[in-house]
Amino acid sequence: MIYEAIAKLHRENVLPDKPVSQLIAQFRGAVDDGFRKVMSKMGISTLQSYKGAQIFEALGVASEVIDKCFVGTASRVQGTTLEGFAADALARHDIAYGPVIAVMGDDGEYNWRKGGGKHINTPAAISSLQDAVRTKNKAAWLKYTEASQKSIEDCTLRGLLEIHADESRAIPLEEVEPWTSIVKRFCTGAMSYGSISKEAHTALAVAMNRLGGKSNSGEGGEDPERSIPRNGDSERSAIKQVASGRFGVTSNYLADADELQIKMAQGAKAGEGGELLGTKVSREIAKTRHTTPGVTLVSPPPHHDIYSIEDLKQLIFDLKSANQRARISVKLVSEVGIGVVASGVVKALADHILVAGHDGGTGAARWTGIKYAGLPWELGLAETHQTLVLNDLRGRVVLQTDGQLKTARDVAIAAMLGAEEFGFATTPLITLGCVYLRRCHQNNCAVGVATQDPVLRAKFRGQPEHVINFFYYLAEDLRSIMAMLGIRSVNELVGRTEFLRTKPNYQFTKGELDLGLLLKPAHEMRPGVATYNVVGQEHQIESRLDSRLLPDLLESLRTGKPGEVETEICNTDRAVGTILSYHLSVAHGLEGLPQGTVRLRLRGSAGQSLGAFLAPGIAIDLEGDANDYVGKGLSGGQIIVYPPRASTFDSHLNIIVGNVCLFGATSGEAFIGGIAAERFAVRNSGALAVVEGVGDHGCEYMTGGRVIVLGNVGRNFAAGMSGGLAYVLAEGFDDMCNKESVDLETVHGEEACWLKRTIQRHADLTGSKHARGVVDRFSELLPRFVKVFPKDYKRVLAEETAKETTKETTDNTVSVEPVANDVVDIEDALVDESLLSDRVQKLDKLRGFA
């Protein structure tokens, strides 16, 4: 049918003047791309695995439709019947073929349009909110809450609920938890420096630090300078996020946090990684993220390093070693079955779980990634809370939710469904000036919120006080609701779904929704167990090898006095060197100590994450072998791994370290005297590594650093590589390399000299006979070395060279000063400073909306 439609449109000259066969081929290619997109998001590799997988959930579809058309698909709240779907189809048919010819325009699915589709954020609500927080206008705040509540009723599941209060239970407002205590439960969302401007990012941090809440760095790293107080304010983000891409994650970054958040997924684009266009990667952004200015940055989705609950548990272990005083959070996405996943996360010793809803906004995603992805947080939060209570795990973890929380009523409902903490992202940005243009990814935000353009950033007018005023109003409104219910503290409100009921007068036009599953009181399912966090997790930090070595090395870590220990190691000793790196980073910051100041000489088989986030100044020499994640997040330290000196096998023919080594490394050195398994140096952004062979997917998503491979490689080498360089001496490399984003070149000149010197260092440090052989025959083998050069990186380097040449030419040219033009527009000439200031204060109520 679609082929016939394409042919008909071609005959009617609606489609381009191309052969029908070409148009059909283009259609099939687009469909294939869509299939691959969904498959990649879900971690599915083959079409056979995709068929019948039922990887989706129905939202708002009646069971009669499910049983007839989608047998076995989850549909937890019922909804539209077959008659409802038929009514929709007939309505669209009438628009197209009815007696009155209608103009089919933009129906407002993506952007707000008057009379179009419903949106949570409307012009009226935005203007009222900005008026309220800028001028402390309570009347404007009431208008905002009224407008937001109407939008929430039109767009969300919680809009179908009402809070049922018994007047006899009401208590005086003075008996309720003060607003200064409540706001400490509020967090701002994970918006990276890069996706939003420095001014907006720091304003959020200052506001939350004043309140005692938490701001979130996002996955883009953070400038260490922000940890230095300025004028009595701290610009430091209390929550540091660790995404799969790990941009800018160093030992110092992790040590300077109150909470470390593992971004397992993103609610607004579940299953996808992040993407920051090169136009937004300024020099400052590149420095923070340890990458190259102007090069587009792509983070892989989480299944590139977290395949199972065991992998997640290891990352929790690593991060707790990297900062023992920080709580470890895991960000999950609302989906059916999240309760079981959350139970595993608690057993993996997470201190905090965030349930993210699909309503969150992101300025770094395609529309196809945002629409029809993820689910409402109401479903995920209720399931998570109920499942944790049933398994007596709820008391061990703090539960948070986020996703377009707008009013105190939203917060109260979130608490009743099981949350103790609450995240806000879009609304705080609106208080800082965002007018919701939905152009965040284009680097042309007109109000300086989501741009790196210096001219546009100068237009930013947001102040931390605006964010503080919003949270003050929100907390005070929540106190009023709590007083009405007879609740004195937020903890008492958690899980109290008996205060909620479906609105009795709501008109369902296409099929009735059933919210009964959301409203089951968890405390009645298993009476007597904790329904909110009451006890911390037992991480057993003191039992780790680093903790046993610390007394002998603490003076060296603090003073810089050289120190060395020699010890045996076994495969239950995990994240060796990470706790030591934390103490070094606390004492010396990002710069650390001179290379090799503290040296660990180890013998045996190391457990997972040897040298994870190893700080500058610490060196690890391992005589033996190691498990997965060697050098994860390497942060300036040095790792040397080689076989036992008495061994007789050829090192370059044997695997000596496991999978995912040097994942997200930012700096430092690694010399591996043998083969590394799969996913070596994925997302490396600055480390130097020499290895004698790698498995599949080597150097994937690499953005910086240099990697030398003195042996064969597996499939898909350099996929998504956008920066850094790789030098490979392998048979049949052309067939193993993914050349979509890289060029293959020869090595010569000074670069060849550097390559030989580095291989010589590797031979000296590891004792590798294979590396010595390469050095001895270097002139003969040099033509066989392949330089892997990312196209984006090459383009940026060429542009920089051209700029330098132009600058030199300009410097040698006599310049003529232009005549100043004093003529200005008559309206501008009549505006003095005071009038200009008044203009800035006034709000353009519908700015940015059609």
# chains A, B, ... in the order shown; residues from 1 in each chain; ligands from 1
$ residues_around --residues "A:Lys791" --least-positions-apart "5" --cutoff "7 Å" --atoms "only C-alpha atoms" --output "JSON, numbers by chain"
{"A": [741, 742, 743]}
$ select_by_dssp --residues "stretch 363-410 of chain A" --states "alpha helix (DSSP H)" --output "MDAnalysis selection string"
chainID A and resid 367:370 377:390 408:410
$ write_last_selection --atoms "C-alpha atoms" --output "tab-separated table (two decimals), in the first residue's frame"
chain	number	residue	atom	x	y	z
A	367	TRP	CA	12.50	14.55	18.33
A	368	THR	CA	12.31	10.84	17.54
A	369	GLY	CA	14.25	10.14	20.71
A	370	ILE	CA	11.94	12.17	22.93
A	377	TRP	CA	7.07	8.87	36.73
A	378	GLU	CA	3.82	8.16	38.58
A	379	LEU	CA	3.86	4.56	37.31
A	380	GLY	CA	7.55	3.92	37.96
A	381	LEU	CA	7.60	5.58	41.37
A	382	ALA	CA	4.57	3.71	42.67
A	383	GLU	CA	5.91	0.35	41.45
A	384	THR	CA	9.37	1.01	42.90
A	385	HIS	CA	8.07	2.05	46.31
A	386	GLN	CA	5.63	-0.85	46.57
A	387	THR	CA	8.20	-3.45	45.48
A	388	LEU	CA	10.87	-2.17	47.88
A	389	VAL	CA	8.43	-2.19	50.80
A	390	LEU	CA	7.29	-5.72	49.95
A	408	ALA	CA	3.27	21.83	45.58
A	409	ARG	CA	0.41	19.53	44.64
A	410	ASP	CA	2.79	17.63	42.33
$ closest_residue --among "A:Gly511, A:Pro123, A:Pro521, A:Pro376" --to "A:Thr497" --atoms "only C-alpha atoms"
A:Pro521
$ closest_residue --among "A:Arg325, A:Lys459, A:Lys150, A:Lys320" --to "A:Lys406" --atoms "only C-alpha atoms"
A:Lys150
$ closest_residue --among "A:Lys136, A:Arg599, A:Arg496, A:Lys803" --to "A:Thr531" --atoms "only C-alpha atoms"
A:Arg496
$ select_by_dssp --residues "stretch 178-285 of chain A" --states "strand (DSSP E or B)" --output "ChimeraX atom specification"
/A:186-190,193,196,214-216,230,233,239-242,259-263,275-276
$ atom_distance --atom1 "atom CA of A:Arg113" --atom2 "atom CA of A:Asp359"
18.3 Å
